[in-house]
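Q: The file below is start.txt, compact mmCIF, C-alpha atoms and all ligand atoms:
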```txt
# COMPACT_ATOMS: atom_id res chain seq x y z
CA MET M 297 81.46 67.19 -35.09
CA ARG M 298 85.15 66.28 -35.44
CA VAL M 299 85.75 62.55 -35.24
CA LEU M 300 89.22 61.09 -34.94
CA VAL M 301 89.42 57.82 -36.88
CA ALA M 302 92.29 55.56 -35.77
CA GLY M 303 93.01 53.06 -38.52
CA SER M 304 91.58 55.39 -41.13
CA HIS M 305 93.50 53.85 -44.02
CA GLY M 306 92.28 50.36 -43.17
CA LYS M 307 89.53 48.54 -45.03
CA ILE M 308 86.86 49.65 -42.59
CA GLY M 309 88.61 52.95 -41.95
CA ARG M 310 88.50 54.22 -45.52
CA ARG M 311 84.81 53.34 -45.84
CA LEU M 312 84.18 55.03 -42.50
CA VAL M 313 85.97 58.27 -43.39
CA GLY M 314 83.93 58.55 -46.59
CA LEU M 315 80.65 57.83 -44.81
CA LEU M 316 81.39 60.26 -42.00
CA ALA M 317 82.10 63.03 -44.47
CA GLU M 318 78.90 62.20 -46.38
CA HIS M 319 76.92 62.50 -43.17
CA GLY M 320 78.25 65.88 -42.18
CA TYR M 321 80.93 64.84 -39.71
CA ARG M 322 84.48 66.14 -39.94
CA PRO M 323 86.65 63.03 -39.91
CA VAL M 324 90.22 63.42 -38.73
CA ALA M 325 92.02 60.56 -40.44
CA MET M 326 94.87 59.21 -38.35
CA ILE M 327 97.56 57.60 -40.51
CA ARG M 328 101.11 56.54 -39.83
CA ASP M 329 102.25 56.89 -43.42
CA PRO M 330 102.11 60.46 -44.76
CA GLU M 331 101.83 59.08 -48.29
CA GLN M 332 98.26 58.01 -47.48
CA ALA M 333 97.24 61.60 -46.81
CA ALA M 334 96.03 62.47 -50.32
CA GLU M 335 93.75 59.43 -50.48
CA LEU M 336 92.19 60.25 -47.13
CA ARG M 337 91.77 63.87 -48.12
CA ASP M 338 89.95 62.75 -51.27
CA LEU M 339 87.56 60.76 -49.08
CA GLY M 340 86.76 63.86 -47.08
CA GLY M 341 89.15 63.35 -44.19
CA GLU M 342 91.63 65.69 -42.54
CA PRO M 343 94.84 63.66 -42.38
CA LEU M 344 96.74 63.49 -39.10
CA VAL M 345 100.02 61.59 -38.95
CA ALA M 346 100.50 59.60 -35.75
CA ASN M 347 101.62 56.13 -34.82
CA LEU M 348 99.58 54.10 -32.35
CA GLU M 349 102.85 52.71 -31.01
CA GLY M 350 104.11 56.22 -30.33
CA ASP M 351 103.02 59.27 -28.37
CA LEU M 352 99.28 59.94 -28.71
CA GLU M 353 98.92 62.56 -26.01
CA ALA M 354 97.84 65.39 -28.33
CA VAL M 355 96.05 63.58 -31.15
CA THR M 356 92.50 63.92 -29.84
CA GLU M 357 92.78 67.64 -29.16
CA GLY M 358 89.86 69.49 -30.72
CA CYS M 359 87.90 66.29 -31.44
CA ASP M 360 84.40 65.50 -30.22
CA ALA M 361 84.61 61.75 -30.70
CA VAL M 362 87.02 58.93 -31.47
CA VAL M 363 86.42 55.80 -33.50
CA TYR M 364 89.09 53.16 -33.08
CA THR M 365 89.17 50.76 -36.02
CA ALA M 366 92.90 50.05 -36.13
CA GLY M 367 94.48 46.69 -35.65
CA GLY M 368 97.85 45.02 -35.78
CA GLY M 369 96.60 42.90 -38.67
CA ALA M 370 96.00 39.23 -39.26
CA GLY M 371 99.63 38.44 -40.04
CA SER M 372 101.05 40.21 -37.02
CA GLY M 373 102.19 38.42 -33.90
CA ALA M 374 101.14 38.68 -30.29
CA ALA M 375 103.43 41.66 -29.71
CA LYS M 376 101.51 43.81 -32.20
CA LYS M 377 98.21 42.78 -30.64
CA GLU M 378 99.57 44.15 -27.41
CA THR M 379 101.08 47.40 -28.72
CA VAL M 380 98.41 48.28 -31.31
CA ASP M 381 95.11 46.58 -30.43
CA ARG M 382 95.53 47.02 -26.70
CA GLN M 383 97.98 49.77 -25.82
CA GLY M 384 97.15 51.91 -28.83
CA ALA M 385 93.50 51.94 -27.81
CA GLU M 386 94.38 52.57 -24.16
CA LYS M 387 96.56 55.54 -25.08
CA LEU M 388 93.80 57.01 -27.21
CA ILE M 389 91.35 56.61 -24.35
CA GLU M 390 93.76 58.49 -22.08
CA SER M 391 94.18 61.20 -24.70
CA ALA M 392 90.41 61.48 -25.08
CA LEU M 393 90.01 61.91 -21.33
CA ARG M 394 92.74 64.52 -21.21
CA HIS M 395 91.15 66.60 -23.97
CA GLY M 396 87.54 66.30 -22.90
CA VAL M 397 86.44 64.12 -25.81
CA GLY M 398 83.11 62.74 -24.73
CA ARG M 399 82.46 59.87 -27.09
CA PHE M 400 84.49 56.79 -27.99
CA VAL M 401 83.47 53.95 -30.29
CA ILE M 402 85.77 50.96 -30.59
CA VAL M 403 85.87 48.12 -33.09
CA SER M 404 86.53 45.02 -31.06
CA SER M 405 85.80 41.49 -32.20
CA MET M 406 83.47 38.61 -31.62
CA GLY M 407 85.37 36.31 -29.29
CA ALA M 408 86.66 39.16 -27.12
CA ASP M 409 84.01 38.38 -24.53
CA ALA M 410 85.72 35.05 -23.76
CA PRO M 411 89.34 35.09 -25.00
CA ASP M 412 90.23 31.79 -23.33
CA GLU M 413 87.52 29.95 -25.20
CA GLY M 414 88.82 30.90 -28.65
CA PRO M 415 91.20 28.86 -30.79
CA GLU M 416 94.72 28.88 -29.35
CA GLN M 417 96.19 31.12 -32.07
CA MET M 418 93.41 33.70 -31.64
CA ARG M 419 93.73 34.10 -27.89
CA PRO M 420 96.34 36.90 -27.83
CA TYR M 421 94.16 38.84 -30.27
CA TYR M 422 90.96 38.30 -28.32
CA ALA M 423 92.74 39.07 -25.04
CA ALA M 424 94.13 42.35 -26.42
CA LYS M 425 90.70 43.34 -27.74
CA ARG M 426 89.09 42.46 -24.43
CA ALA M 427 91.64 44.47 -22.46
CA ALA M 428 91.01 47.51 -24.66
CA ASP M 429 87.25 47.05 -24.30
CA ASP M 430 87.56 46.81 -20.53
CA ALA M 431 89.74 49.92 -20.37
CA LEU M 432 87.17 51.83 -22.39
CA ALA M 433 84.26 50.58 -20.29
CA ALA M 434 86.07 51.68 -17.13
CA SER M 435 87.11 55.05 -18.55
CA GLY M 436 83.97 57.03 -17.85
CA LEU M 437 83.72 58.03 -21.51
CA ASP M 438 80.47 57.56 -23.39
CA TYR M 439 81.44 54.40 -25.16
CA THR M 440 80.17 51.85 -27.62
CA ILE M 441 81.94 48.56 -28.19
CA VAL M 442 81.20 47.00 -31.57
CA ARG M 443 82.23 43.36 -31.87
CA PRO M 444 81.91 42.29 -35.48
CA GLY M 445 82.07 38.74 -36.67
CA GLN M 446 84.41 37.77 -39.49
CA LEU M 447 84.79 40.69 -41.87
CA THR M 448 84.16 40.40 -45.59
CA ASP M 449 84.69 42.79 -48.47
CA GLU M 450 81.25 42.20 -49.95
CA PRO M 451 79.27 45.37 -50.55
CA GLY M 452 77.18 46.07 -47.50
CA ASP M 453 73.45 45.59 -47.89
CA GLY M 454 72.62 47.82 -44.94
CA ARG M 455 71.31 45.02 -42.75
CA VAL M 456 73.02 43.68 -39.68
CA SER M 457 72.08 41.75 -36.59
CA ALA M 458 73.12 43.53 -33.42
CA ALA M 459 72.53 42.45 -29.86
CA LEU M 460 74.30 42.31 -26.54
CA SER M 461 75.02 38.73 -27.48
CA LEU M 462 73.94 37.18 -30.75
CA GLY M 463 74.56 33.68 -29.46
CA ARG M 464 76.22 32.69 -32.71
CA SER M 465 79.17 33.62 -34.86
CA GLY M 466 78.83 35.02 -38.36
CA GLN M 467 80.22 37.27 -41.02
CA VAL M 468 79.59 40.93 -41.68
CA SER M 469 80.76 43.20 -44.46
CA ARG M 470 83.18 45.99 -43.73
CA GLY M 471 80.77 48.40 -45.41
CA ASP M 472 78.04 47.47 -42.98
CA VAL M 473 80.39 47.77 -40.01
CA ALA M 474 81.36 51.26 -41.16
CA ALA M 475 77.66 52.11 -41.37
CA VAL M 476 77.11 50.73 -37.87
CA LEU M 477 79.91 52.94 -36.54
CA VAL M 478 78.33 56.05 -38.07
CA ALA M 479 74.95 55.01 -36.68
CA CYS M 480 76.46 54.57 -33.21
CA LEU M 481 77.89 58.08 -33.25
CA GLY M 482 74.49 59.49 -34.08
CA ASP M 483 72.41 57.52 -31.63
CA GLY M 484 72.72 57.98 -27.89
CA ARG M 485 70.94 54.69 -27.31
CA THR M 486 74.12 52.89 -28.30
CA VAL M 487 76.14 54.52 -25.54
CA ALA M 488 77.67 52.08 -23.05
CA ARG M 489 76.45 49.06 -24.93
CA PRO M 490 78.85 46.24 -25.70
CA SER M 491 77.30 44.47 -28.67
CA SER M 492 78.02 42.05 -31.44
CA CYS M 493 77.01 42.33 -35.04
CA SER M 494 76.96 40.14 -38.11
CA THR M 495 74.85 39.98 -41.19
CA ALA M 496 71.14 39.92 -40.64
CA THR M 497 69.15 36.79 -41.05
CA PRO M 498 65.41 36.85 -41.64
CA ARG M 499 64.79 34.84 -38.52
CA SER M 500 66.98 36.97 -36.32
CA ALA M 501 65.02 37.79 -33.22
CA ARG M 502 66.88 40.97 -32.58
CA HIS M 503 68.13 42.63 -35.67
CA TRP M 504 69.15 46.10 -36.40
CA ARG M 505 67.65 46.67 -39.74
CA ALA M 506 68.35 49.05 -42.54
CA CYS M 507 66.06 49.41 -45.47
CA ASP M 508 65.54 51.66 -48.43
CA SER M 509 62.60 53.77 -47.44
CA GLY M 510 60.84 55.29 -44.51
CA GLY M 511 62.24 56.38 -41.19
CA ARG M 512 62.24 59.84 -39.74
CA ARG M 513 66.01 60.09 -39.40
CA ALA M 514 66.69 59.10 -42.97
CA ARG M 515 64.46 61.81 -44.35
CA THR M 516 66.66 64.40 -42.78
CA GLY M 517 69.37 63.48 -45.24
CA ARG M 518 71.83 63.41 -42.37
CA SER M 519 70.53 60.37 -40.64
CA ALA M 520 73.58 59.79 -38.53
CA GLY M 521 74.96 63.26 -38.41
CA GLY M 522 72.69 65.35 -36.31
CA SER M 523 71.45 63.73 -33.18
CA ARG M 524 73.52 62.72 -30.24
CA GLY M 525 73.11 62.24 -26.59
CA ARG M 526 69.68 60.66 -26.72
CA PRO M 527 69.76 58.77 -23.46
CA TYR M 528 69.82 55.04 -23.61
CA GLN M 529 66.58 53.68 -22.20
CA ARG M 530 65.85 50.25 -23.55
CA ARG M 531 67.84 47.07 -23.28
CA ARG M 532 67.02 46.08 -26.85
CA LEU M 533 67.98 47.91 -29.97
CA PRO M 534 64.86 48.50 -32.01
CA ASP M 535 64.68 47.90 -35.74
CA ARG M 536 66.15 50.98 -37.25
CA ARG M 537 67.93 52.28 -40.26
CA LEU M 538 71.64 52.24 -40.80
CA PRO M 539 72.83 55.56 -42.15
CA ASP M 540 73.54 54.42 -45.65
CA ARG M 541 74.58 51.61 -47.86
CA ALA M 542 78.34 51.53 -48.00
CA ALA M 543 80.26 49.54 -50.56
P1 LIG Q 601 92.93 46.74 -41.65
O1 LIG Q 601 92.50 46.93 -43.05
O2 LIG Q 601 94.08 45.83 -41.37
O3 LIG Q 601 93.27 48.21 -41.07
C1 LIG Q 601 93.95 48.37 -39.88
C2 LIG Q 601 94.46 49.79 -39.84
O4 LIG Q 601 95.19 49.97 -38.61
C3 LIG Q 601 95.40 50.16 -40.99
O5 LIG Q 601 95.01 51.38 -41.55
C4 LIG Q 601 96.74 50.29 -40.31
O6 LIG Q 601 97.57 51.27 -40.86
C5 LIG Q 601 96.32 50.75 -38.93
N1 LIG Q 601 97.43 50.55 -38.01
C6 LIG Q 601 98.06 49.40 -37.69
N2 LIG Q 601 99.09 49.65 -36.87
C7 LIG Q 601 99.10 51.00 -36.68
C8 LIG Q 601 99.94 51.87 -35.95
N3 LIG Q 601 100.97 51.41 -35.22
N4 LIG Q 601 99.67 53.19 -35.97
C9 LIG Q 601 98.64 53.67 -36.70
N5 LIG Q 601 97.81 52.90 -37.43
C10 LIG Q 601 98.05 51.57 -37.42
O7 LIG Q 601 91.74 46.27 -40.71
P2 LIG Q 601 90.16 46.17 -41.04
O8 LIG Q 601 89.93 44.97 -41.85
O9 LIG Q 601 89.69 47.50 -41.48
O10 LIG Q 601 89.61 45.86 -39.55
C11 LIG Q 601 89.42 46.91 -38.66
C12 LIG Q 601 89.19 46.42 -37.25
O11 LIG Q 601 88.31 45.30 -37.22
C13 LIG Q 601 90.46 45.97 -36.52
O12 LIG Q 601 90.42 46.49 -35.21
C14 LIG Q 601 90.29 44.45 -36.45
O13 LIG Q 601 90.96 43.89 -35.33
C15 LIG Q 601 88.80 44.34 -36.31
N6 LIG Q 601 88.20 43.03 -36.66
C16 LIG Q 601 88.65 42.32 -37.74
C17 LIG Q 601 88.01 41.12 -38.07
C18 LIG Q 601 88.42 40.33 -39.30
O14 LIG Q 601 87.71 39.38 -39.69
N7 LIG Q 601 89.51 40.69 -39.95
C19 LIG Q 601 86.93 40.65 -37.30
C20 LIG Q 601 86.51 41.41 -36.21
C21 LIG Q 601 87.13 42.61 -35.90
P3 LIG Q 601 98.41 51.05 -42.23
O15 LIG Q 601 97.45 51.37 -43.32
O16 LIG Q 601 99.53 52.02 -42.12
O17 LIG Q 601 98.85 49.61 -42.24
```
Represent the structure from my file as structure tokens, please.
Ligand code: NAP
A:
Amino acid sequence: MRVLVAGSHGKIGRRLVGLLAEHGYRPVAMIRDPEQAAELRDLGGEPLVANLEGDLEAVTEGCDAVVYTAGGGAGSGAAKKETVDRQGAEKLIESALRHGVGRFVIVSSMGADAPDEGPEQMRPYYAAKRAADDALAASGLDYTIVRPGQLTDEPGDGRVSAALSLGRSGQVSRGDVAAVLVACLGDGRTVARPSSCSTATPRSARHWRACDSGGRRARTGRSAGGSRGRPYQRRRLPDRRLPDRAA
């Protein structure tokens, strides 16, 4: 399964490319700087040079899925939120539709559900994320919107809380978010499910749990790589394994 990763050289992106390759996917690593190609190749990716602010018409050709984990960056202004976080995602969605790519997973953000309620300086970011989410939800693609809380660089411990709404903010490691993205690709029950995730807490009523042992999918050795298209049936994600621990 060829998976285009937009933002592949980012902090989540590099973890994701490595995890995808480990789990038997063929990650196509979109980068805008050709000098990043060797690093992505070493992680198991197939580099593809393209700029989210440019023409994306052909980039999804031959791919089965897209994961969008790019972003204008914390230091960028409102204009970048618009051209990268929003329009970049929208152009990729259009490209995916044109080339018959069935599956699209997007990294959004906590706060995107209610942009006007966020702190003033965050509103352009949340609004851009929300617009991209809405475009994806309306696209007809099999989509999953992942809205992480504040990202950290701690090693992931393989445990996150995930729910349609967690009802609280929180942090989550980039390694765990990468693992969630791989899990989403491999599990049809996550299709068309906007959700939030942050680190698990023992008292979390609805957590999406990863642990070290047990679990039918993990014993396959390709826990996130093989299955897809299992129809979504339940409103609640059951306790289940993430594909791997990712540093
Ligand atoms: P990151 O390290 O800043 O990576 C972002 C990636 O996007 C980089 O690889 C960057 O490429 C790429 N990019 C930016 N503009 C581009 C363009 N015009 N064309 C092609 N690629 C472009 O971000 P991260 O920490 O991995 O976060 C990933 C996602 O999580 C983002 O969507 C972010 O909005 C979201 N998020 C972040 C937080 C947080 O706490 N920071 C919370 C929730 C959600 P270069 O390597 O060339 O710069």
Q: So which residues are near ligand LIG 601 (chain Q), meaning at most 7 Å away with all atoms listed in the file counted, given back as a ChimeraX atom specification?
A: /M:302-309,326-329,346-349,365-370,380-381,403-406,443-448
Q: When you count only C-alpha atoms, which of these residues is closest to Ile441 in chain M: M:Lys377, M:Arg455, M:Arg399, M:Arg470?
A: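 That would be M:Arg399, the residue with the smallest distance to Ile441 in chain M.
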Q: Find the residue from M:Glu318, M:Leu393, M:Thr379, M:Gly341 that sits nearest to Val355 in chain M; use only C-alpha atoms when measuring.
A: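 Comparing M:Glu318, M:Leu393, M:Thr379, M:Gly341 against Val355 in chain M, the winner is M:Leu393.
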Q: Could you name the residues that touch Glu353 in chain M at 8 Å or less, counting only C-alpha atoms, but leaving out those on the same chain fewer than 4 positions away, as a PyMOL selection string?
A: chain M and resi 387-388+390-391
Q: Using all atoms listed in the file, find the one residue out of M:Glu331, M:Asp351, M:Asp360, M:Asp409 that sits nearest to Leu437 in chain M.
A: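 Ranking M:Glu331, M:Asp351, M:Asp360, M:Asp409 by distance to Leu437 in chain M, first place goes to M:Asp360.
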Q: What's around Pro330 in chain M at 9 Å? Count all atoms listed in the file, leave out sequence neighbours fewer than 3 positions away in its own chain, and write the answer as JSON, numbers by chain.
A: {"M": [327, 333, 334, 343, 344, 345]}
Q: By how many Å are CA of Met297 in chain M and CA of Tyr364 in chain M apart?
A: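 Distance between the two atoms: 16.1 Å.
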Q: Find the residues of range 393-462 of chain M that sit at most 7 Å from range 472-476 of chain M; for each, write down the nearest two atoms and how far apart they are in Å, to one decimal. Count only C-alpha atoms. Sort by chain, then by number going up, and give it as CSV.
A:
```
residue,atom,partner,partner_atom,distance
M:Gly452,CA,M:Asp472,CA,4.8
M:Asp453,CA,M:Asp472,CA,7.0
M:Gly454,CA,M:Asp472,CA,5.8
```
Q: Could you jot down the CA of Ala458 in chain M to CA of Val442 in chain M separation for me, Å, one decimal place?
A: 9.0 Å
Q: Could you pull the residues within 10 Å of Ala317 in chain M, counting only C-alpha atoms, minus those fewer than 5 positions along the same chain, as an NGL selection string?
A: :M and (299 or 312 or 322-324 or 339-341 or 521)
Q: One decimal, in Å: what's the spacing between CA of Val313 in chain M and CA of Asp338 in chain M?
A: 9.9 Å
Q: Nearest to Ser461 in chain M: which of M:Ala410, M:Ala325, M:Leu352, M:Leu315 is it, counting only C-alpha atoms?
A: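 Going through M:Ala410, M:Ala325, M:Leu352, M:Leu315 one by one, the smallest distance to Ser461 in chain M is for M:Ala410.
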Q: Can I get range 369-403 of chain M with N, CA and C atoms filled in, as a compact mmCIF listing (two decimals), in the coordinates of the input?
A:
```
# COMPACT_ATOMS: atom_id res chain seq x y z
N GLY M 369 96.71 43.64 -37.40
CA GLY M 369 96.60 42.90 -38.67
C GLY M 369 96.71 41.40 -38.47
N ALA M 370 96.09 40.68 -39.39
CA ALA M 370 96.00 39.23 -39.26
C ALA M 370 97.37 38.56 -39.22
N GLY M 371 98.33 39.09 -39.97
CA GLY M 371 99.63 38.44 -40.04
C GLY M 371 100.57 38.82 -38.90
N SER M 372 100.14 39.72 -38.06
CA SER M 372 101.05 40.21 -37.02
C SER M 372 101.04 39.26 -35.82
N GLY M 373 102.09 39.31 -35.06
CA GLY M 373 102.19 38.42 -33.90
C GLY M 373 101.57 39.02 -32.65
N ALA M 374 101.74 38.27 -31.56
CA ALA M 374 101.14 38.68 -30.29
C ALA M 374 101.63 40.05 -29.84
N ALA M 375 102.88 40.38 -30.17
CA ALA M 375 103.43 41.66 -29.71
C ALA M 375 102.65 42.83 -30.30
N LYS M 376 102.28 42.73 -31.56
CA LYS M 376 101.51 43.81 -32.20
C LYS M 376 100.10 43.90 -31.62
N LYS M 377 99.54 42.74 -31.28
CA LYS M 377 98.21 42.78 -30.64
C LYS M 377 98.29 43.62 -29.38
N GLU M 378 99.39 43.45 -28.68
CA GLU M 378 99.57 44.15 -27.41
C GLU M 378 99.80 45.65 -27.63
N THR M 379 100.71 45.98 -28.58
CA THR M 379 101.08 47.40 -28.72
C THR M 379 100.07 48.20 -29.54
N VAL M 380 99.37 47.55 -30.47
CA VAL M 380 98.41 48.28 -31.31
C VAL M 380 96.98 48.08 -30.79
N ASP M 381 96.51 46.83 -30.79
CA ASP M 381 95.11 46.58 -30.43
C ASP M 381 94.81 46.96 -28.98
N ARG M 382 95.78 46.70 -28.10
CA ARG M 382 95.53 47.02 -26.70
C ARG M 382 96.07 48.40 -26.31
N GLN M 383 97.38 48.53 -26.35
CA GLN M 383 97.98 49.77 -25.82
C GLN M 383 97.63 50.99 -26.68
N GLY M 384 97.53 50.80 -27.97
CA GLY M 384 97.15 51.91 -28.83
C GLY M 384 95.78 52.45 -28.44
N ALA M 385 94.85 51.53 -28.22
CA ALA M 385 93.50 51.94 -27.81
C ALA M 385 93.55 52.60 -26.43
N GLU M 386 94.32 52.01 -25.53
CA GLU M 386 94.38 52.57 -24.16
C GLU M 386 94.96 53.98 -24.18
N LYS M 387 95.97 54.19 -25.02
CA LYS M 387 96.56 55.54 -25.08
C LYS M 387 95.58 56.55 -25.68
N LEU M 388 94.80 56.09 -26.64
CA LEU M 388 93.80 57.01 -27.21
C LEU M 388 92.71 57.34 -26.19
N ILE M 389 92.34 56.36 -25.40
CA ILE M 389 91.35 56.61 -24.35
C ILE M 389 91.88 57.67 -23.38
N GLU M 390 93.15 57.51 -22.99
CA GLU M 390 93.76 58.49 -22.08
C GLU M 390 93.79 59.88 -22.72
N SER M 391 94.13 59.91 -23.99
CA SER M 391 94.18 61.20 -24.70
C SER M 391 92.79 61.82 -24.75
N ALA M 392 91.79 60.98 -25.02
CA ALA M 392 90.41 61.48 -25.08
C ALA M 392 90.00 62.07 -23.73
N LEU M 393 90.35 61.40 -22.66
CA LEU M 393 90.01 61.91 -21.33
C LEU M 393 90.71 63.24 -21.06
N ARG M 394 91.95 63.31 -21.46
CA ARG M 394 92.74 64.52 -21.21
C ARG M 394 92.15 65.72 -21.94
N HIS M 395 91.62 65.48 -23.14
CA HIS M 395 91.15 66.60 -23.97
C HIS M 395 89.63 66.75 -23.96
N GLY M 396 88.97 66.09 -23.05
CA GLY M 396 87.54 66.30 -22.90
C GLY M 396 86.71 65.77 -24.06
N VAL M 397 87.21 64.75 -24.73
CA VAL M 397 86.44 64.12 -25.81
C VAL M 397 85.39 63.22 -25.16
N GLY M 398 84.14 63.45 -25.47
CA GLY M 398 83.11 62.74 -24.73
C GLY M 398 82.80 61.34 -25.21
N ARG M 399 83.04 61.08 -26.48
CA ARG M 399 82.46 59.87 -27.09
C ARG M 399 83.56 59.01 -27.70
N PHE M 400 83.46 57.71 -27.49
CA PHE M 400 84.49 56.79 -27.99
C PHE M 400 83.81 55.51 -28.45
N VAL M 401 84.02 55.19 -29.71
CA VAL M 401 83.47 53.95 -30.29
C VAL M 401 84.65 53.09 -30.70
N ILE M 402 84.63 51.84 -30.29
CA ILE M 402 85.77 50.96 -30.59
C ILE M 402 85.31 49.74 -31.38
N VAL M 403 86.12 49.38 -32.37
CA VAL M 403 85.87 48.12 -33.09
C VAL M 403 86.67 47.04 -32.38
```
